[in-house]
file run-v4.txt (compact mmCIF, C-alpha atoms and all ligand atoms)
# COMPACT_ATOMS: atom_id res chain seq x y z
CA MET A 8 52.05 -87.96 45.85
CA SER A 9 51.38 -88.19 42.11
CA LEU A 10 48.61 -90.47 40.87
CA LYS A 11 51.17 -91.69 38.33
CA THR A 12 52.46 -94.20 40.89
CA GLU A 13 49.04 -95.93 40.93
CA ILE A 14 48.91 -96.53 37.16
CA ASP A 15 49.50 -100.06 35.89
CA THR A 16 51.71 -99.40 32.86
CA THR A 17 51.05 -102.93 31.54
CA ARG A 18 47.36 -102.08 31.00
CA LEU A 19 47.47 -98.74 29.26
CA PRO A 20 45.14 -97.75 26.43
CA ALA A 21 47.25 -97.78 23.25
CA HIS A 22 45.29 -94.83 21.86
CA VAL A 23 43.70 -91.98 23.84
CA ALA A 24 41.52 -89.39 22.10
CA VAL A 25 40.66 -86.04 23.67
CA ILE A 26 37.94 -83.48 23.02
CA MET A 27 39.57 -80.38 24.51
CA ASP A 28 36.69 -78.20 25.62
CA GLY A 29 36.12 -75.22 27.90
CA ASN A 30 38.77 -72.73 26.80
CA GLY A 31 36.19 -69.99 26.25
CA ARG A 32 34.49 -70.49 29.63
CA TRP A 33 37.86 -70.61 31.37
CA ALA A 34 38.81 -67.25 29.82
CA LYS A 35 35.44 -65.75 30.77
CA GLN A 36 35.96 -66.84 34.39
CA GLN A 37 39.21 -64.82 34.34
CA GLY A 38 37.45 -61.84 32.76
CA GLN A 39 39.47 -62.31 29.56
CA MET A 40 38.79 -62.74 25.84
CA ARG A 41 38.20 -66.28 24.50
CA VAL A 42 41.60 -66.41 22.79
CA PHE A 43 43.26 -66.12 26.22
CA GLY A 44 41.66 -69.49 27.01
CA HIS A 45 43.02 -71.05 23.81
CA LYS A 46 46.51 -69.72 24.62
CA ASN A 47 46.37 -71.31 28.06
CA GLY A 48 44.98 -74.47 26.48
CA VAL A 49 48.33 -74.88 24.75
CA ASN A 50 49.97 -75.50 28.17
CA SER A 51 47.56 -78.39 28.73
CA VAL A 52 48.36 -79.76 25.26
CA ARG A 53 52.05 -79.77 26.22
CA GLU A 54 51.51 -81.31 29.69
CA VAL A 55 49.16 -84.03 28.50
CA SER A 56 51.34 -84.91 25.51
CA GLU A 57 54.42 -85.27 27.73
CA ALA A 58 52.53 -87.25 30.37
CA ALA A 59 51.05 -89.61 27.77
CA ALA A 60 54.42 -90.20 26.09
CA GLU A 61 56.17 -90.80 29.42
CA LEU A 62 53.56 -93.39 30.43
CA GLY A 63 53.96 -95.31 27.16
CA ILE A 64 50.76 -94.41 25.32
CA GLN A 65 51.30 -94.96 21.60
CA VAL A 66 48.80 -92.55 20.06
CA LEU A 67 47.26 -89.36 21.47
CA THR A 68 44.65 -87.70 19.23
CA LEU A 69 43.53 -84.16 20.08
CA TYR A 70 40.44 -82.53 18.58
CA ALA A 71 42.06 -79.15 17.90
CA PHE A 72 39.71 -77.70 15.26
CA SER A 73 36.48 -79.20 13.96
CA THR A 74 34.82 -78.63 10.59
CA GLU A 75 32.08 -76.82 12.54
CA ASN A 76 34.65 -74.50 14.18
CA TRP A 77 34.97 -72.67 10.82
CA ASN A 78 31.58 -71.11 11.73
CA ARG A 79 33.05 -69.27 14.75
CA PRO A 80 33.59 -65.49 14.52
CA HIS A 81 36.22 -64.66 11.91
CA GLU A 82 38.60 -63.10 14.51
CA GLU A 83 38.51 -66.24 16.68
CA VAL A 84 39.21 -68.54 13.70
CA GLU A 85 42.10 -66.30 12.67
CA ALA A 86 43.49 -66.22 16.22
CA LEU A 87 43.27 -70.02 16.48
CA MET A 88 45.12 -70.48 13.18
CA GLU A 89 47.84 -68.04 14.28
CA LEU A 90 48.12 -69.85 17.60
CA LEU A 91 48.45 -73.14 15.79
CA VAL A 92 51.24 -71.84 13.52
CA HIS A 93 53.05 -70.25 16.46
CA THR A 94 52.66 -73.30 18.74
CA ILE A 95 53.83 -75.81 16.16
CA HIS A 96 56.85 -73.67 15.38
CA ALA A 97 57.71 -73.16 19.05
CA GLU A 98 57.07 -76.76 20.17
CA THR A 99 58.84 -78.77 17.47
CA GLU A 100 62.03 -78.91 19.55
CA THR A 101 60.07 -80.21 22.55
CA LEU A 102 58.52 -82.89 20.33
CA MET A 103 62.03 -83.90 19.19
CA LYS A 104 63.28 -83.99 22.78
CA ASN A 105 60.35 -86.20 23.82
CA ASP A 106 60.65 -88.47 20.74
CA ILE A 107 57.07 -87.63 19.69
CA ARG A 108 56.03 -87.47 16.04
CA LEU A 109 53.39 -85.02 14.92
CA GLU A 110 50.67 -86.20 12.56
CA THR A 111 47.29 -84.83 11.46
CA ILE A 112 43.86 -86.07 10.45
CA GLY A 113 41.23 -83.94 8.75
CA ASP A 114 40.79 -81.74 5.73
CA THR A 115 44.11 -79.96 6.28
CA GLN A 116 44.08 -78.57 2.74
CA SER A 117 41.40 -76.14 3.90
CA LEU A 118 43.81 -74.60 6.45
CA PRO A 119 45.61 -71.32 5.62
CA PRO A 120 48.81 -71.88 3.57
CA SER A 121 51.05 -70.69 6.44
CA CYS A 122 49.48 -73.29 8.68
CA GLN A 123 49.89 -76.04 6.09
CA ARG A 124 53.56 -75.11 5.62
CA GLU A 125 54.31 -75.10 9.36
CA LEU A 126 52.54 -78.43 9.81
CA ALA A 127 54.32 -80.05 6.85
CA GLU A 128 57.69 -78.95 8.23
CA ALA A 129 57.00 -80.23 11.76
CA ILE A 130 55.52 -83.50 10.48
CA GLN A 131 58.57 -84.09 8.29
CA LYS A 132 61.06 -83.15 11.04
CA THR A 133 59.44 -85.38 13.67
CA SER A 134 58.57 -88.27 11.35
CA GLY A 135 61.33 -90.54 12.65
CA ASN A 136 60.30 -90.18 16.31
CA LYS A 137 59.15 -93.43 17.85
CA ARG A 138 57.80 -92.95 21.37
CA MET A 139 54.31 -91.62 20.55
CA ALA A 140 52.23 -90.18 17.70
CA LEU A 141 50.57 -86.88 18.59
CA VAL A 142 47.71 -86.63 16.13
CA LEU A 143 46.02 -83.25 15.69
CA ALA A 144 42.50 -83.43 14.29
CA LEU A 145 42.31 -80.24 12.22
CA SER A 146 39.34 -79.19 10.14
CA TYR A 147 38.11 -82.64 11.07
CA SER A 148 34.65 -84.09 11.43
CA SER A 149 33.71 -87.72 11.50
CA ARG A 150 30.87 -87.42 9.00
CA TRP A 151 33.23 -85.68 6.56
CA GLU A 152 35.71 -88.53 6.97
CA ILE A 153 33.06 -91.26 6.57
CA VAL A 154 31.63 -89.64 3.43
CA GLU A 155 35.16 -89.35 1.98
CA ALA A 156 35.77 -93.05 2.70
CA ALA A 157 32.46 -94.01 1.04
CA ARG A 158 33.36 -91.90 -1.99
CA ARG A 159 36.74 -93.62 -2.33
CA LEU A 160 35.17 -97.07 -2.08
CA ALA A 161 32.58 -96.11 -4.70
CA LYS A 162 35.39 -95.02 -7.06
CA LEU A 163 37.31 -98.27 -6.50
CA THR A 164 34.13 -100.24 -7.19
CA GLN A 165 33.37 -98.21 -10.29
CA ALA A 166 36.90 -98.86 -11.56
CA GLY A 167 36.37 -102.60 -11.06
CA GLU A 168 39.10 -102.79 -8.40
CA LEU A 169 36.69 -103.82 -5.64
CA LYS A 170 33.48 -105.86 -5.55
CA PRO A 171 30.59 -104.44 -3.45
CA GLU A 172 30.32 -107.77 -1.61
CA ASP A 173 33.97 -107.48 -0.54
CA ILE A 174 33.26 -104.30 1.45
CA ASN A 175 33.30 -105.10 5.17
CA ALA A 176 34.25 -103.23 8.36
CA ASP A 177 38.00 -103.83 7.81
CA VAL A 178 37.92 -102.65 4.19
CA PHE A 179 35.89 -99.59 5.22
CA GLY A 180 38.17 -98.78 8.18
CA ARG A 181 41.21 -98.83 5.88
CA GLN A 182 39.76 -95.87 3.97
CA LEU A 183 39.54 -93.70 7.10
CA THR A 184 42.22 -91.12 7.92
CA THR A 185 42.97 -93.06 11.11
CA SER A 186 43.68 -96.36 9.34
CA ARG A 187 47.27 -96.42 10.61
CA TYR A 188 46.25 -96.23 14.27
CA PRO A 189 44.51 -98.67 16.61
CA ASP A 190 41.00 -97.53 17.59
CA PRO A 191 40.98 -95.28 20.70
CA GLU A 192 40.27 -97.26 23.86
CA LEU A 193 39.67 -94.11 25.89
CA LEU A 194 37.88 -90.89 24.89
CA ILE A 195 38.24 -87.94 27.26
CA ARG A 196 36.06 -84.82 27.11
CA THR A 197 36.66 -81.87 29.40
CA SER A 198 34.32 -79.09 30.61
CA GLY A 199 31.28 -81.15 31.60
CA GLU A 200 29.72 -81.44 28.14
CA LEU A 201 28.35 -84.95 27.52
CA ARG A 202 28.60 -85.09 23.72
CA VAL A 203 30.81 -86.68 21.07
CA SER A 204 30.53 -83.74 18.64
CA ASN A 205 31.24 -85.51 15.36
CA PHE A 206 34.60 -86.89 16.59
CA LEU A 207 35.89 -90.35 15.53
CA LEU A 208 32.36 -91.81 15.43
CA TRP A 209 33.43 -95.02 13.68
CA GLN A 210 36.61 -95.48 15.73
CA ILE A 211 35.07 -95.10 19.23
CA ALA A 212 32.69 -98.05 18.81
CA TYR A 213 34.22 -99.78 21.87
CA ALA A 214 35.98 -96.84 23.57
CA GLU A 215 35.48 -96.05 27.24
CA PHE A 216 34.25 -92.48 27.78
CA TYR A 217 35.64 -90.23 30.50
CA PHE A 218 33.87 -86.94 31.11
CA THR A 219 35.20 -84.37 33.56
CA GLU A 220 33.95 -80.95 34.68
CA THR A 221 37.52 -79.63 34.52
CA LEU A 222 37.98 -76.98 31.82
CA TRP A 223 40.72 -77.76 29.29
CA PRO A 224 43.23 -75.08 30.47
CA ASP A 225 43.03 -76.64 33.97
CA PHE A 226 43.47 -80.20 32.67
CA ASP A 227 47.01 -81.06 33.75
CA ARG A 228 49.11 -84.20 34.19
CA GLU A 229 47.31 -85.28 37.36
CA GLU A 230 43.91 -84.87 35.65
CA PHE A 231 45.20 -87.06 32.83
CA TYR A 232 46.43 -89.72 35.28
CA LYS A 233 42.98 -89.62 36.93
CA ALA A 234 41.37 -90.43 33.57
CA ILE A 235 43.79 -93.32 32.96
CA LEU A 236 43.12 -94.74 36.43
CA ASP A 237 39.37 -94.48 35.87
CA TYR A 238 39.82 -96.41 32.60
CA GLN A 239 41.88 -99.07 34.35
CA ASN A 240 39.12 -99.62 36.91
CA ARG A 241 36.58 -100.54 34.23
CA GLU A 242 35.76 -103.93 32.82
CA ARG A 243 35.95 -103.96 29.03
CA ARG A 244 33.60 -106.66 27.74
CA PHE A 245 33.30 -106.11 23.96
CA GLY A 246 29.79 -107.58 24.03
CA LYS A 247 30.74 -110.61 26.17
CA THR A 248 29.50 -111.38 29.69
CA SER A 249 31.61 -110.88 32.83
CA ASP A 250 31.64 -114.69 33.33
CA GLN A 251 33.05 -115.26 29.85
CA LEU A 252 35.80 -112.74 30.54
CA LEU A 253 36.65 -114.39 33.86
CA LYS A 254 36.81 -117.82 32.22
CA SER A 255 39.11 -116.65 29.41
CA ALA A 256 41.35 -114.93 32.01
CA ASP A 257 41.45 -118.22 34.02
CA SER A 258 42.40 -120.21 30.93
CA THR A 259 45.41 -117.95 30.34
CA GLN A 260 46.66 -118.50 33.92
CA PRO A 261 49.64 -120.91 34.17
C1 LIG B 301 37.30 -75.76 22.74
O1 LIG B 301 37.03 -74.76 23.69
C2 LIG B 301 38.63 -75.63 22.15
C3 LIG B 301 38.91 -75.42 20.84
C4 LIG B 301 37.86 -75.28 19.81
C5 LIG B 301 40.27 -75.26 20.32
C6 LIG B 301 41.33 -76.05 21.00
C7 LIG B 301 42.61 -75.37 20.79
C8 LIG B 301 43.63 -75.32 21.66
C9 LIG B 301 43.66 -76.01 22.94
C10 LIG B 301 44.80 -74.46 21.38
C11 LIG B 301 45.63 -74.84 20.20
C12 LIG B 301 45.87 -76.28 20.06
C13 LIG B 301 47.00 -76.87 19.61
C14 LIG B 301 46.99 -78.33 19.35
C15 LIG B 301 48.24 -76.15 19.40
P1 LIG B 301 35.85 -73.76 23.43
O2 LIG B 301 36.39 -72.56 22.76
O3 LIG B 301 34.75 -74.46 22.69
O4 LIG B 301 35.38 -73.43 24.90
P2 LIG B 301 33.92 -73.09 25.41
O5 LIG B 301 33.06 -74.30 25.14
O6 LIG B 301 34.11 -72.83 26.87
O7 LIG B 301 33.46 -71.88 24.65

call {"tool": "encode", "arguments": {"input": "run-v4.txt", "output": "structure tokens"}}
result
Amino acid sequence: MSLKTEIDTTRLPAHVAVIMDGNGRWAKQQGQMRVFGHKNGVNSVREVSEAAAELGIQVLTLYAFSTENWNRPHEEVEALMELLVHTIHAETETLMKNDIRLETIGDTQSLPPSCQRELAEAIQKTSGNKRMALVLALSYSSRWEIVEAARRLAKLTQAGELKPEDINADVFGRQLTTSRYPDPELLIRTSGELRVSNFLLWQIAYAEFYFTETLWPDFDREEFYKAILDYQNRERRFGKTSDQLLKSADSTQP
């Protein structure tokens, strides 16, 4: 039986972020080139996106290409960009069918023009979809984003539109590329690596982390449900004590 039946849909994380890792190792295990792993990773992107939307998750952010990934061998970067263009083109109809809108975060202007065009078209076409936002982090790194936000605040201050003493966490957060989303409550990383790799550093301040040995191309619906169930079995305290949480839960009882 599917683990889906065990999930409490009234206690879902509104935003799930995923570091998709292990495509290269998966391909190597099959005696194939790395790009074979990325191609199979697309199936997991589709499965997890559909599973998340069906459950009622509002935002799913996938780390598809980091700023550091530009340093990979030229052929791999080229293959990833081609895969991205091809996948977005081929999957737009599925996004429409599932009522999912495509959005991006990151320095997308550094992507090849064909990629930018395909993305712009899919973003525009899916913009009215309501069920879930599928956010691709592309040419993204958290330090890049934080520096950009600081630069924008400095400009506003210089122009006299903002006083330094008015800068607080809310004002800062509004300058980030994720300002329209709630912070992720769950961060998943596949392939057994225990790192955050410059991903959403500001936004994951209170996120629960879920690490699994499963390589991304093997991460299917059931693996995703497992991560959600693990999240639901945790106590989220936000700096409070367990007793305080119990008391506030009691006071909301009829
Ligand atoms: C990490 O595995 C994966 C990536 C850098 C790229 C992720 C891309 C995809 C899943 C395919 C395209 C995505 C979309 C959204 C269409 P790795 O190469 O670092 O694996 P390794 O650590 O085993 O070498």

call {"tool": "residues_near_ligand", "arguments": {"input": "run-v4.txt", "ligand": "ligand LIG 301 (chain B)", "cutoff": "9 Å", "atoms": "all atoms listed in the file", "output": "VMD selection string"}}
result
chain A and resid 26 to 35 41 to 42 44 to 53 69 to 73 76 87 to 88 90 to 95 98 142 to 145 198 200 222 to 224

call {"tool": "closest_residue", "arguments": {"input": "run-v4.txt", "among": "A:Glu83, A:Glu89, A:Glu57, A:Glu229", "to": "A:Ile14", "atoms": "only C-alpha atoms"}}
result
A:Glu229

call {"tool": "closest_residue", "arguments": {"input": "run-v4.txt", "among": "A:His96, A:Leu109, A:Lys137, A:Ile153", "to": "A:Arg124", "atoms": "all atoms listed in the file"}}
result
A:His96

call {"tool": "closest_residue", "arguments": {"input": "run-v4.txt", "among": "A:Arg202, A:Arg108, A:Arg159, A:Arg150", "to": "A:Gly135", "atoms": "all atoms listed in the file"}}
result
A:Arg108

call {"tool": "atom_distance", "arguments": {"input": "run-v4.txt", "atom1": "atom CA of A:Tyr188", "atom2": "atom CA of A:Val66"}}
result
7.3 Å

call {"tool": "residues_around", "arguments": {"input": "run-v4.txt", "residues": "A:Ser149", "least_positions_apart": "3", "cutoff": "9 Å", "atoms": "only C-alpha atoms", "output": "PyMOL selection string"}}
result
chain A and resi 113+152-154+204-209

call {"tool": "closest_residue", "arguments": {"input": "run-v4.txt", "among": "A:Ile195, A:Val55, A:Ile107, A:Ala60", "to": "A:Thr16", "atoms": "only C-alpha atoms"}}
result
A:Ala60

call {"tool": "residues_near_point", "arguments": {"input": "run-v4.txt", "point": "(35.6, -101.2, -4.4)", "cutoff": "12 Å", "atoms": "only C-alpha atoms", "output": "PyMOL selection string"}}
result
chain A and resi 156-175+178-179+181-182

call {"tool": "atom_distance", "arguments": {"input": "run-v4.txt", "atom1": "atom CA of A:Val23", "atom2": "atom CA of A:Ile64"}}
result
7.6 Å
